[in-house]
file my_file.txt (compact mmCIF, C-alpha atoms and all ligand atoms)
# COMPACT_ATOMS: atom_id res chain seq x y z
CA VAL A 282 -16.35 -6.00 8.97
CA ASN A 283 -19.21 -4.09 10.55
CA GLN A 284 -18.73 -0.64 12.04
CA THR A 285 -15.45 0.02 10.27
CA GLN A 286 -14.53 3.66 10.43
CA LEU A 287 -12.19 5.31 7.96
CA ILE A 288 -10.04 8.13 9.29
CA ILE A 289 -6.89 10.12 8.64
CA ALA A 290 -4.34 9.05 11.24
CA THR A 291 -3.24 11.80 13.62
CA SER A 292 -1.61 10.03 16.56
CA THR A 293 2.18 9.68 16.62
CA ASN A 294 1.96 8.02 20.02
CA GLN A 295 4.90 5.58 20.09
CA GLU A 296 2.84 2.54 21.04
CA HIS A 297 0.34 3.26 18.26
CA VAL A 298 3.12 3.80 15.69
CA ASP A 299 4.94 0.63 16.83
CA PHE A 300 1.75 -1.40 16.37
CA LEU A 301 1.32 -0.07 12.82
CA VAL A 302 4.98 -0.61 11.90
CA LYS A 303 4.81 -4.21 13.10
CA MET A 304 1.52 -4.87 11.29
CA ILE A 305 2.85 -3.39 8.02
CA ASN A 306 6.26 -5.10 8.19
CA ASP A 307 4.80 -8.50 9.17
CA VAL A 308 2.29 -8.39 6.29
CA TYR A 309 4.94 -7.37 3.75
CA ASP A 310 7.48 -9.91 5.11
CA GLU A 311 4.98 -12.62 4.30
CA SER A 312 3.58 -11.24 1.07
CA GLU A 313 6.99 -10.29 -0.40
CA SER A 314 9.03 -13.18 1.04
CA ASN A 315 10.32 -14.18 -2.40
CA ILE A 316 11.25 -10.59 -3.25
CA TRP A 317 13.47 -9.34 -0.39
CA LEU A 318 16.54 -10.69 1.36
CA GLU A 319 16.34 -11.30 5.10
CA GLY A 320 16.34 -8.09 7.11
CA HIS A 321 14.71 -5.76 4.60
CA LYS A 322 11.75 -3.95 6.20
CA ARG A 323 8.93 -2.10 4.46
CA THR A 324 8.91 0.77 6.94
CA ASN A 325 10.10 1.96 10.36
CA SER A 326 8.87 4.17 13.15
CA GLU A 327 10.63 7.33 11.92
CA LYS A 328 9.32 7.02 8.35
CA LEU A 329 5.79 6.19 9.46
CA LYS A 330 5.66 9.14 11.87
CA LYS A 331 6.52 11.45 8.98
CA VAL A 332 3.70 9.93 6.88
CA ILE A 333 1.28 10.52 9.78
CA LEU A 334 2.47 14.10 10.37
CA ASP A 335 2.04 14.77 6.64
CA LYS A 336 -1.59 13.55 7.06
CA GLU A 337 -0.97 10.87 4.43
CA LEU A 338 -1.83 7.77 6.45
CA LEU A 339 -5.44 6.59 6.27
CA LEU A 340 -6.73 3.98 8.71
CA ALA A 341 -9.60 1.55 8.92
CA ILE A 342 -10.49 1.22 12.59
CA SER A 343 -13.18 -0.19 14.82
CA GLY A 344 -13.10 1.05 18.39
CA GLU A 345 -9.53 0.50 19.54
CA ASP A 346 -8.77 -2.04 16.80
CA ILE A 347 -6.77 -1.13 13.71
CA HIS A 348 -8.07 -3.11 10.75
CA GLY A 349 -5.78 -1.73 8.07
CA CYS A 350 -3.98 1.23 6.54
CA ILE A 351 -3.09 2.91 3.27
CA HIS A 352 -0.59 5.65 2.42
CA LEU A 353 -2.09 8.29 0.12
CA GLU A 354 0.19 10.92 -1.42
CA ARG A 355 -0.13 13.60 -4.06
CA ILE A 356 2.19 13.26 -7.07
CA ASP A 357 1.13 16.31 -9.12
CA ASP A 358 -1.82 18.67 -9.69
CA GLU A 359 -4.12 15.96 -11.00
CA THR A 360 -2.68 12.75 -9.61
CA HIS A 361 -2.57 10.96 -6.28
CA ARG A 362 -0.84 7.65 -5.59
CA PHE A 363 -1.55 5.05 -2.93
CA LYS A 364 0.95 2.64 -1.43
CA MET A 365 1.47 0.51 1.69
CA LEU A 366 -2.05 -0.87 1.52
CA VAL A 367 -2.30 -3.41 4.34
CA ALA A 368 -5.17 -5.34 5.89
CA ASN A 369 -4.59 -6.54 9.44
CA PRO A 370 -4.25 -10.34 8.94
CA ARG A 371 -6.91 -10.87 11.63
CA PHE A 372 -9.41 -9.18 9.29
CA LYS A 373 -8.07 -10.18 5.87
CA GLY A 374 -10.57 -10.93 3.08
CA ARG A 375 -13.43 -9.12 4.85
CA GLY A 376 -13.60 -5.96 2.78
CA ILE A 377 -11.01 -3.81 4.59
CA GLY A 378 -8.74 -3.47 1.53
CA SER A 379 -11.67 -2.45 -0.68
CA LYS A 380 -12.88 0.12 1.85
CA LEU A 381 -9.41 1.64 2.19
CA VAL A 382 -8.99 1.95 -1.59
CA ASP A 383 -12.48 3.54 -1.93
CA TYR A 384 -11.69 5.97 0.86
CA ALA A 385 -8.30 6.88 -0.67
CA GLU A 386 -9.95 7.45 -4.06
CA ASN A 387 -12.61 9.68 -2.50
CA GLN A 388 -10.02 11.70 -0.56
CA ALA A 389 -8.04 12.18 -3.79
CA ARG A 390 -11.18 13.34 -5.65
CA LYS A 391 -12.01 15.73 -2.83
CA ALA A 392 -8.50 17.15 -3.13
CA GLY A 393 -9.12 17.79 -6.84
CA SER A 394 -7.29 14.86 -8.43
CA THR A 395 -8.59 13.12 -11.54
CA LYS A 396 -6.19 10.18 -11.48
CA MET A 397 -4.96 7.60 -8.97
CA GLN A 398 -1.76 5.62 -9.42
CA LEU A 399 -0.18 2.66 -7.68
CA GLU A 400 3.01 0.68 -8.18
CA LEU A 401 3.27 -3.10 -8.08
CA LEU A 402 6.69 -4.57 -7.39
CA VAL A 403 6.70 -7.81 -9.37
CA PRO A 404 9.45 -10.46 -9.53
CA THR A 405 10.38 -11.27 -13.13
CA GLU A 406 11.77 -14.80 -12.69
CA VAL A 407 9.55 -16.31 -10.00
CA GLU A 408 5.81 -16.04 -9.43
CA ASN A 409 4.41 -14.20 -6.42
CA ASN A 410 0.81 -15.29 -5.79
CA ASP A 411 -0.13 -12.10 -3.98
CA LYS A 412 0.98 -9.99 -6.95
CA VAL A 413 -1.06 -12.15 -9.32
CA PHE A 414 -4.10 -11.62 -7.06
CA LEU A 415 -3.42 -7.88 -6.81
CA HIS A 416 -3.15 -7.50 -10.60
CA THR A 417 -6.51 -9.27 -11.02
CA TRP A 418 -8.19 -7.25 -8.29
CA TYR A 419 -6.79 -3.84 -9.34
CA THR A 420 -7.81 -4.55 -12.93
CA ARG A 421 -11.33 -5.43 -11.79
CA ILE A 422 -11.68 -2.14 -9.90
CA GLY A 423 -10.53 -0.04 -12.85
CA TYR A 424 -6.73 0.18 -12.76
CA GLN A 425 -4.71 -0.32 -15.94
CA LYS A 426 -0.97 -0.83 -16.31
CA ILE A 427 0.46 2.29 -17.93
CA ASP A 428 4.20 1.87 -17.45
CA GLU A 429 7.07 -0.37 -16.35
CA GLN A 430 10.11 0.97 -14.55
CA ASP A 431 13.40 -0.36 -13.29
CA ILE A 432 13.31 -0.63 -9.48
CA GLU A 433 16.41 1.59 -9.16
CA TYR A 434 14.62 4.34 -11.05
CA ILE A 435 11.90 4.51 -8.43
CA HIS A 436 13.69 3.45 -5.26
CA LYS A 437 17.38 4.25 -5.61
CA GLY A 438 19.76 1.87 -3.84
CA VAL A 439 17.10 -0.67 -2.99
CA SER A 440 18.05 -3.37 -5.50
CA VAL A 441 20.91 -4.66 -3.30
CA PHE A 442 18.22 -5.98 -0.94
CA LEU A 443 16.45 -8.00 -3.65
CA LYS A 444 16.33 -11.79 -3.52
CA ASN A 445 14.89 -11.96 -7.05
CA ASP A 446 14.94 -9.50 -9.92
CA CYS A 447 11.88 -7.29 -9.97
CA ILE A 448 10.18 -4.75 -12.12
CA VAL A 449 7.92 -1.91 -11.03
CA LYS A 450 4.57 -1.92 -12.81
CA VAL A 451 2.73 1.39 -12.67
CA TYR A 452 -1.08 1.28 -12.70
CA GLU A 453 -3.50 4.17 -13.12
CA LYS A 454 -7.23 4.78 -12.82
CA GLU A 455 -9.35 7.76 -13.88
CA LEU A 456 -11.22 9.02 -10.84
C1 LIG B 501 -4.28 -6.38 -0.54
C2 LIG B 501 -5.01 -6.43 0.77
C3 LIG B 501 -4.85 -5.11 1.50
C4 LIG B 501 -6.49 -6.70 0.49
O1 LIG B 501 -7.21 -6.50 1.68
P1 LIG B 501 -8.47 -7.40 2.09
O2 LIG B 501 -9.18 -6.70 3.18
O3 LIG B 501 -8.02 -8.78 2.35
O4 LIG B 501 -9.30 -7.36 0.73
P2 LIG B 501 -10.87 -7.33 0.54
O5 LIG B 501 -11.52 -8.24 1.54
O6 LIG B 501 -11.34 -5.92 0.47
O7 LIG B 501 -10.98 -7.99 -0.90
C5 LIG B 501 -10.62 -7.32 -2.08
C6 LIG B 501 -11.07 -8.12 -3.27
O8 LIG B 501 -10.25 -9.28 -3.40
C7 LIG B 501 -11.01 -10.46 -3.29
N1 LIG B 501 -10.20 -11.37 -2.48
C8 LIG B 501 -9.82 -11.19 -1.19
N2 LIG B 501 -9.00 -12.17 -0.81
C9 LIG B 501 -8.85 -12.98 -1.88
C10 LIG B 501 -8.10 -14.17 -2.12
N3 LIG B 501 -7.35 -14.73 -1.19
N4 LIG B 501 -8.18 -14.73 -3.35
C11 LIG B 501 -8.92 -14.17 -4.30
N5 LIG B 501 -9.65 -13.04 -4.13
C12 LIG B 501 -9.61 -12.47 -2.93
C13 LIG B 501 -12.29 -10.07 -2.64
O9 LIG B 501 -13.36 -10.89 -3.03
C14 LIG B 501 -12.46 -8.66 -3.16
O10 LIG B 501 -12.98 -8.70 -4.46
P3 LIG B 501 -14.21 -7.76 -4.91
O11 LIG B 501 -13.66 -6.36 -4.90
O12 LIG B 501 -14.58 -8.24 -6.25
O13 LIG B 501 -15.25 -7.97 -3.86
C15 LIG B 501 -4.47 -7.56 1.68
O14 LIG B 501 -4.58 -8.79 1.00
C16 LIG B 501 -3.04 -7.38 2.11
O15 LIG B 501 -2.75 -6.82 3.18
N6 LIG B 501 -2.07 -7.87 1.31
C17 LIG B 501 -0.66 -7.80 1.57
C18 LIG B 501 -0.06 -6.43 1.32
C19 LIG B 501 -0.15 -6.01 -0.12
O16 LIG B 501 0.20 -6.73 -1.02
N7 LIG B 501 -0.62 -4.77 -0.34
C20 LIG B 501 -0.80 -4.18 -1.64
C21 LIG B 501 0.42 -3.45 -2.05
S1 LIG B 501 0.17 -2.52 -3.57
call {"tool": "encode", "arguments": {"input": "my_file.txt", "output": "structure tokens", "more": "lines below"}}
Ligand SMILES: CC(C)(COP(=O)(O)OP(=O)(O)OC[C@H]1O[C@@H](n2cnc3c(N)ncnc32)[C@H](O)[C@@H]1OP(=O)(O)O)[C@@H](O)C(=O)NCCC(=O)NCCS
result
Amino acid sequence: VNQTQLIIATSTNQEHVDFLVKMINDVYDESESNIWLEGHKRTNSEKLKKVILDKELLLAISGEDIHGCIHLERIDDETHRFKMLVANPRFKGRGIGSKLVDYAENQARKAGSTKMQLELLVPTEVENNDKVFLHTWYTRIGYQKIDEQDIEYIHKGVSVFLKNDCIVKVYEKEL
């Protein structure tokens, strides 16, 4: 998409936050429909406001339009992790995801990190097409699987909301 700008989100304006929460939850509802039971939501207004106040939410925007977002957080002295990478469905497949990942990697480098991590939640007994695509894409842009974790280890209490058993695959890239 032309004229995409990448910024660190600052506004906790309720309307703005509500738009982002709906975009994120709608995208995850669809992409992870064979992972979660009805009613499980990826985020909510309170959680997202905290991410914004912590200056951890990066946005792809064009004028007033929000094209996508990514949550970038520091894990330790040399490592950042990104999560909640979402392209607005109106602009999917037009380079927004790639731009957000590039931007997150550059921000992490600027902050002194030498590694970026991400976690893929993957069902073990059914196939999720989006996760297959993500594995292929992340591998192509330099991420390698370094670990597998039980979902409870990473997100305590969350497994009661699972429709299908899942494993957390941890990927890492040298920056
Ligand atoms: C993952 C996601 C953010 C990608 O955003 P996007 O803007 O659609 O992606 P891009 O247009 O930047 O494309 C990224 C790459 O995937 C390829 N691609 C995009 N859509 C594709 C598709 N449907 N099938 C195969 N390849 C595809 C592109 O060619 C590009 O490859 P390249 O880097 O070799 O050029 C988006 O699909 C999304 O919101 N998914 C649901 C949420 C999710 O799973 N997030 C990740 C959680 S870790």
call {"tool": "residues_near_ligand", "arguments": {"input": "my_file.txt", "ligand": "ligand LIG 501 (chain B)", "cutoff": "6 Å", "atoms": "all atoms listed in the file", "output": "PyMOL selection string"}}
result
chain A and resi 308-309+312+364-368+373-379+401+418
call {"tool": "atom_distance", "arguments": {"input": "my_file.txt", "atom1": "atom CA of Asp310 of chain A", "atom2": "atom CA of Cys447 of chain A"}}
result
15.9 Å
call {"tool": "closest_residue", "arguments": {"input": "my_file.txt", "among": "A:Leu353, A:Val298, A:Leu402, A:Ile448", "to": "Arg390 of chain A", "atoms": "only C-alpha atoms"}}
result
A:Leu353
call {"tool": "closest_residue", "arguments": {"input": "my_file.txt", "among": "A:Val403, A:Thr420, A:Phe363, A:Glu354", "to": "Asp383 of chain A", "atoms": "only C-alpha atoms"}}
result
A:Phe363
call {"tool": "closest_residue", "arguments": {"input": "my_file.txt", "among": "A:His361, A:Lys396, A:His352, A:Lys303", "to": "Lys336 of chain A", "atoms": "all atoms listed in the file"}}
result
A:His352
call {"tool": "closest_residue", "arguments": {"input": "my_file.txt", "among": "A:Thr293, A:Asp411, A:Glu429, A:Gln284", "to": "Ser343 of chain A", "atoms": "only C-alpha atoms"}}
result
A:Gln284
call {"tool": "atom_distance", "arguments": {"input": "my_file.txt", "atom1": "atom CA of Asp299 of chain A", "atom2": "atom CA of Asn325 of chain A"}}
result
8.4 Å
call {"tool": "residues_around", "arguments": {"input": "my_file.txt", "residues": "Gly320 of chain A", "least_positions_apart": "3", "cutoff": "12 Å", "atoms": "all atoms listed in the file", "output": "JSON, numbers by chain"}}
result
{"A": [306, 307, 309, 310, 314, 316, 317, 323, 324, 441, 442, 443, 444]}
call {"tool": "closest_residue", "arguments": {"input": "my_file.txt", "among": "A:Asp357, A:Pro404, A:Lys437, A:Val382", "to": "Tyr424 of chain A", "atoms": "all atoms listed in the file"}}
result
A:Val382
call {"tool": "decode", "arguments": {"input": "my_file.txt", "residues": "segment 340-376 of chain A", "atoms": "N, CA and C atoms", "output": "PDB file, in the first residue's frame"}}
result
ATOM      1  N   LEU A 340       2.068   0.805  14.760  1.00  0.00           N
ATOM      2  CA  LEU A 340       0.953   0.839  13.805  1.00  0.00           C
ATOM      3  C   LEU A 340       1.433   1.147  12.397  1.00  0.00           C
ATOM      4  N   ALA A 341       0.752   0.553  11.431  1.00  0.00           N
ATOM      5  CA  ALA A 341       0.882   0.975  10.038  1.00  0.00           C
ATOM      6  C   ALA A 341      -0.373   1.782   9.733  1.00  0.00           C
ATOM      7  N   ILE A 342      -0.167   3.041   9.341  1.00  0.00           N
ATOM      8  CA  ILE A 342      -1.320   3.908   9.089  1.00  0.00           C
ATOM      9  C   ILE A 342      -1.170   4.614   7.748  1.00  0.00           C
ATOM     10  N   SER A 343      -2.274   5.123   7.270  1.00  0.00           N
ATOM     11  CA  SER A 343      -2.258   5.981   6.090  1.00  0.00           C
ATOM     12  C   SER A 343      -3.375   6.995   6.289  1.00  0.00           C
ATOM     13  N   GLY A 344      -2.999   8.248   6.530  1.00  0.00           N
ATOM     14  CA  GLY A 344      -4.007   9.242   6.891  1.00  0.00           C
ATOM     15  C   GLY A 344      -4.714   8.782   8.145  1.00  0.00           C
ATOM     16  N   GLU A 345      -6.043   8.705   8.065  1.00  0.00           N
ATOM     17  CA  GLU A 345      -6.840   8.283   9.213  1.00  0.00           C
ATOM     18  C   GLU A 345      -6.977   6.760   9.305  1.00  0.00           C
ATOM     19  N   ASP A 346      -6.587   6.068   8.237  1.00  0.00           N
ATOM     20  CA  ASP A 346      -6.791   4.620   8.183  1.00  0.00           C
ATOM     21  C   ASP A 346      -5.721   3.851   8.939  1.00  0.00           C
ATOM     22  N   ILE A 347      -6.149   2.847   9.693  1.00  0.00           N
ATOM     23  CA  ILE A 347      -5.207   1.940  10.348  1.00  0.00           C
ATOM     24  C   ILE A 347      -5.092   0.679   9.500  1.00  0.00           C
ATOM     25  N   HIS A 348      -3.882   0.419   9.012  1.00  0.00           N
ATOM     26  CA  HIS A 348      -3.675  -0.724   8.121  1.00  0.00           C
ATOM     27  C   HIS A 348      -3.219  -1.983   8.858  1.00  0.00           C
ATOM     28  N   GLY A 349      -2.687  -1.802  10.068  1.00  0.00           N
ATOM     29  CA  GLY A 349      -2.245  -2.982  10.806  1.00  0.00           C
ATOM     30  C   GLY A 349      -1.513  -2.591  12.069  1.00  0.00           C
ATOM     31  N   CYS A 350      -1.190  -3.616  12.875  1.00  0.00           N
ATOM     32  CA  CYS A 350      -0.479  -3.362  14.129  1.00  0.00           C
ATOM     33  C   CYS A 350       0.415  -4.532  14.497  1.00  0.00           C
ATOM     34  N   ILE A 351       1.326  -4.262  15.430  1.00  0.00           N
ATOM     35  CA  ILE A 351       2.208  -5.305  15.960  1.00  0.00           C
ATOM     36  C   ILE A 351       2.600  -4.879  17.378  1.00  0.00           C
ATOM     37  N   HIS A 352       2.652  -5.851  18.271  1.00  0.00           N
ATOM     38  CA  HIS A 352       3.062  -5.581  19.659  1.00  0.00           C
ATOM     39  C   HIS A 352       4.524  -6.002  19.813  1.00  0.00           C
ATOM     40  N   LEU A 353       5.373  -5.023  20.144  1.00  0.00           N
ATOM     41  CA  LEU A 353       6.808  -5.289  20.293  1.00  0.00           C
ATOM     42  C   LEU A 353       7.199  -5.114  21.749  1.00  0.00           C
ATOM     43  N   GLU A 354       7.766  -6.161  22.349  1.00  0.00           N
ATOM     44  CA  GLU A 354       8.170  -6.049  23.759  1.00  0.00           C
ATOM     45  C   GLU A 354       9.587  -6.572  23.962  1.00  0.00           C
ATOM     46  N   ARG A 355      10.242  -6.021  24.985  1.00  0.00           N
ATOM     47  CA  ARG A 355      11.579  -6.490  25.319  1.00  0.00           C
ATOM     48  C   ARG A 355      11.471  -7.696  26.258  1.00  0.00           C
ATOM     49  N   ILE A 356      12.272  -8.739  25.989  1.00  0.00           N
ATOM     50  CA  ILE A 356      12.264  -9.894  26.907  1.00  0.00           C
ATOM     51  C   ILE A 356      13.472  -9.847  27.836  1.00  0.00           C
ATOM     52  N   ASP A 357      14.653  -9.516  27.286  1.00  0.00           N
ATOM     53  CA  ASP A 357      15.851  -9.385  28.127  1.00  0.00           C
ATOM     54  C   ASP A 357      16.815  -8.413  27.442  1.00  0.00           C
ATOM     55  N   ASP A 358      18.050  -8.341  27.940  1.00  0.00           N
ATOM     56  CA  ASP A 358      18.995  -7.335  27.448  1.00  0.00           C
ATOM     57  C   ASP A 358      19.238  -7.405  25.947  1.00  0.00           C
ATOM     58  N   GLU A 359      19.216  -8.623  25.391  1.00  0.00           N
ATOM     59  CA  GLU A 359      19.511  -8.716  23.959  1.00  0.00           C
ATOM     60  C   GLU A 359      18.356  -9.182  23.087  1.00  0.00           C
ATOM     61  N   THR A 360      17.190  -9.360  23.695  1.00  0.00           N
ATOM     62  CA  THR A 360      16.093  -9.956  22.931  1.00  0.00           C
ATOM     63  C   THR A 360      14.790  -9.170  23.013  1.00  0.00           C
ATOM     64  N   HIS A 361      14.178  -8.957  21.855  1.00  0.00           N
ATOM     65  CA  HIS A 361      12.809  -8.455  21.789  1.00  0.00           C
ATOM     66  C   HIS A 361      11.923  -9.581  21.269  1.00  0.00           C
ATOM     67  N   ARG A 362      10.609  -9.426  21.452  1.00  0.00           N
ATOM     68  CA  ARG A 362       9.657 -10.389  20.917  1.00  0.00           C
ATOM     69  C   ARG A 362       8.508  -9.605  20.289  1.00  0.00           C
ATOM     70  N   PHE A 363       8.017 -10.079  19.140  1.00  0.00           N
ATOM     71  CA  PHE A 363       6.789  -9.455  18.634  1.00  0.00           C
ATOM     72  C   PHE A 363       5.633 -10.426  18.705  1.00  0.00           C
ATOM     73  N   LYS A 364       4.439  -9.859  18.858  1.00  0.00           N
ATOM     74  CA  LYS A 364       3.216 -10.657  18.928  1.00  0.00           C
ATOM     75  C   LYS A 364       2.064  -9.810  18.381  1.00  0.00           C
ATOM     76  N   MET A 365       0.884 -10.385  18.315  1.00  0.00           N
ATOM     77  CA  MET A 365      -0.320  -9.658  17.877  1.00  0.00           C
ATOM     78  C   MET A 365      -0.085  -8.889  16.562  1.00  0.00           C
ATOM     79  N   LEU A 366       0.563  -9.575  15.639  1.00  0.00           N
ATOM     80  CA  LEU A 366       0.775  -8.996  14.313  1.00  0.00           C
ATOM     81  C   LEU A 366      -0.511  -9.169  13.508  1.00  0.00           C
ATOM     82  N   VAL A 367      -1.102  -8.055  13.111  1.00  0.00           N
ATOM     83  CA  VAL A 367      -2.402  -8.102  12.417  1.00  0.00           C
ATOM     84  C   VAL A 367      -2.418  -7.118  11.254  1.00  0.00           C
ATOM     85  N   ALA A 368      -2.831  -7.622  10.087  1.00  0.00           N
ATOM     86  CA  ALA A 368      -3.092  -6.732   8.952  1.00  0.00           C
ATOM     87  C   ALA A 368      -4.599  -6.520   8.877  1.00  0.00           C
ATOM     88  N   ASN A 369      -5.009  -5.271   8.765  1.00  0.00           N
ATOM     89  CA  ASN A 369      -6.420  -4.955   8.545  1.00  0.00           C
ATOM     90  C   ASN A 369      -6.879  -5.746   7.319  1.00  0.00           C
ATOM     91  N   PRO A 370      -7.928  -6.576   7.449  1.00  0.00           N
ATOM     92  CA  PRO A 370      -8.358  -7.434   6.330  1.00  0.00           C
ATOM     93  C   PRO A 370      -8.594  -6.664   5.031  1.00  0.00           C
ATOM     94  N   ARG A 371      -8.943  -5.383   5.138  1.00  0.00           N
ATOM     95  CA  ARG A 371      -9.140  -4.573   3.916  1.00  0.00           C
ATOM     96  C   ARG A 371      -7.839  -4.419   3.137  1.00  0.00           C
ATOM     97  N   PHE A 372      -6.704  -4.604   3.816  1.00  0.00           N
ATOM     98  CA  PHE A 372      -5.403  -4.376   3.171  1.00  0.00           C
ATOM     99  C   PHE A 372      -4.502  -5.608   3.235  1.00  0.00           C
ATOM    100  N   LYS A 373      -5.112  -6.780   3.433  1.00  0.00           N
ATOM    101  CA  LYS A 373      -4.331  -8.000   3.595  1.00  0.00           C
ATOM    102  C   LYS A 373      -3.601  -8.366   2.301  1.00  0.00           C
ATOM    103  N   GLY A 374      -2.382  -8.924   2.434  1.00  0.00           N
ATOM    104  CA  GLY A 374      -1.644  -9.385   1.258  1.00  0.00           C
ATOM    105  C   GLY A 374      -1.073  -8.260   0.417  1.00  0.00           C
ATOM    106  N   ARG A 375      -0.950  -7.062   1.007  1.00  0.00           N
ATOM    107  CA  ARG A 375      -0.412  -5.917   0.253  1.00  0.00           C
ATOM    108  C   ARG A 375       0.828  -5.343   0.921  1.00  0.00           C
ATOM    109  N   GLY A 376       1.519  -6.181   1.678  1.00  0.00           N
ATOM    110  CA  GLY A 376       2.812  -5.756   2.219  1.00  0.00           C
ATOM    111  C   GLY A 376       2.789  -5.153   3.610  1.00  0.00           C
TER     112      GLY A 376
END
